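What follows is one structure encoded as structure tokens, with my remarks underneath.
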2 protein chains.
Amino acid sequence: MSSNTVESDITPLPTMTIHDFPKGPYPTRVRIALAEKDLQSRVEFVMVDLYKGEHKKAEFIAQKNYSGTLPVLELDDGTCIAECTAITEYLDALDGTPTLTGRTPLEKGVIHMMSKRAELELLDAISVYFHHATPGLGPDVETYQNPEWGYRQRDKALRGMPYFNDVLKQQSFVAGEAFSMADITVIGGLVFAAIVKLPVPAECEALLAWYARMRERPSVRNQPAFA
Amino acid sequence: MSSNTVESDITPLPTMTIHDFPKGPYPTRVRIALAEKDLQSRVEFVMVDLYKGEHKKAEFIAQKNYSGTLPVLELDDGTCIAECTAITEYLDALDGTPTLTGRTPLEKGVIHMMSKRAELELLDAISVYFHHATPGLGPDVETYQNPEWGYRQRDKALRGMPYFNDVLKQQSFVAGEAFSMADITVIGGLVFAAIVKLPVPAECEALLAWYARMRERPSVRNQPAFA
């Protein structure tokens, strides 16, 4: 049977499960990494409804991710890898050809620094603002809010935008002259900025031009976050 | 001249500068990584006085680290690498034999996850407590404090200790059966816990036993934080 023949030509690959919320800024980071590495076909996405607080349920915290956040990569043997940087390191190393996390010591160092900086100064700051100074995921999920801290972090993110604009005046990508995990993290930040209605100021021309270029990449433009 | 002969036998190595505060929990992470990689002799340490707020000065932020934190690794050409994870990635890759950040995709993923988790759930949480709900670095440096957020983060860290205790009941090291960057991050957390007088509860026997083993390692016990 020809259908069998076709199937036998396909090398069976282990599958991976991503515990996911398709439009979420952090899940979008891992979705972009998967697309950059052409690994989407090996992944099964399982929806975890943030607005129902499914990521804060005792079972999820005990079995998937102690920190109660998305996304989580689950391997065939049940091993769970949480945290976007960790998942990206795993995915990028799978084929032995890292394209997102750096090859040389200098590339690794600078990419990790700029990705962490994009978390501290933009993405994570906006996340705190969302969860603490806006309705966030709703009163059933946001059981503790500290609005003053939320606004403080919003202001930090608003300073982060001109910072990354200055970086992108000097170089083509966030960590130098090649696309990397650090670009993905800033994209995550700007995805979240749009959700909370903190648009990039028009004077951040280099950041806006970079973002337009990023959204032309198939790995980025096809994400649910941009639908 | 014999002194010249001796000198010519030594391969000149590029030196690195670490902007450092010797007893600081974050600088201690990089100091341990340097010792594990036997790289101390290539490093010149430059003191940045946290209690004088030297890390928040405009010049430091503009030239060394936008985020205004220590440590920062500065290379011969002036490139600055901030963030402990990024510096550790750089140092670990220098000799082509990563021992701290993982060799396989799985090792890389799990080490990065556990190191990030040690930041989120222990080290960074204690840092926020220190800066927001204690005198911290003093009134001249701590120009904004949010004590409620600080206490919230202290409580998170107090939950983190039994979590890592549970991890260390199952395995010898934080990320599995080998010493890694994730152990260094938890060590940083417990260094900071001692500074703010949040001792590890006696019932966290596995965590305490692991910490005693860690402090037997020359890379750890010789640090100024333990002097």
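How things are named: the first chain in the structure tokens is A, the next is B, and so on; residues count from 1 in each chain; ligands count from 1 in the order shown.
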Contacts of stretch 101-116 of chain A within 6 Å, only C-alpha atoms, excl. fewer than 2 positions in-chain, as a ChimeraX atom specification: /A:118-119,175,181-182,185 /B:82-83,86-87,89-90,93-94
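Contact shell of B:Phe130 at 9 Å (only C-alpha atoms; same-chain neighbours under 3 positions omitted): Ala125, Ile126, Ser127, Ala133, Thr134, Pro135, Gly136, Leu137, Gly150, Arg154, Phe192, Ile195 and Val196 of chain B.
Note on identical chains: chain A superimposed on chain B gives 0.1 Å, C-alpha RMSD over every paired atom.
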Residues flagged helix (DSSP H, G or I) by DSSP in stretch 60-158 of chain A, as a PyMOL selection string: chain A and resi 60-63+84-94+105-133+147-158
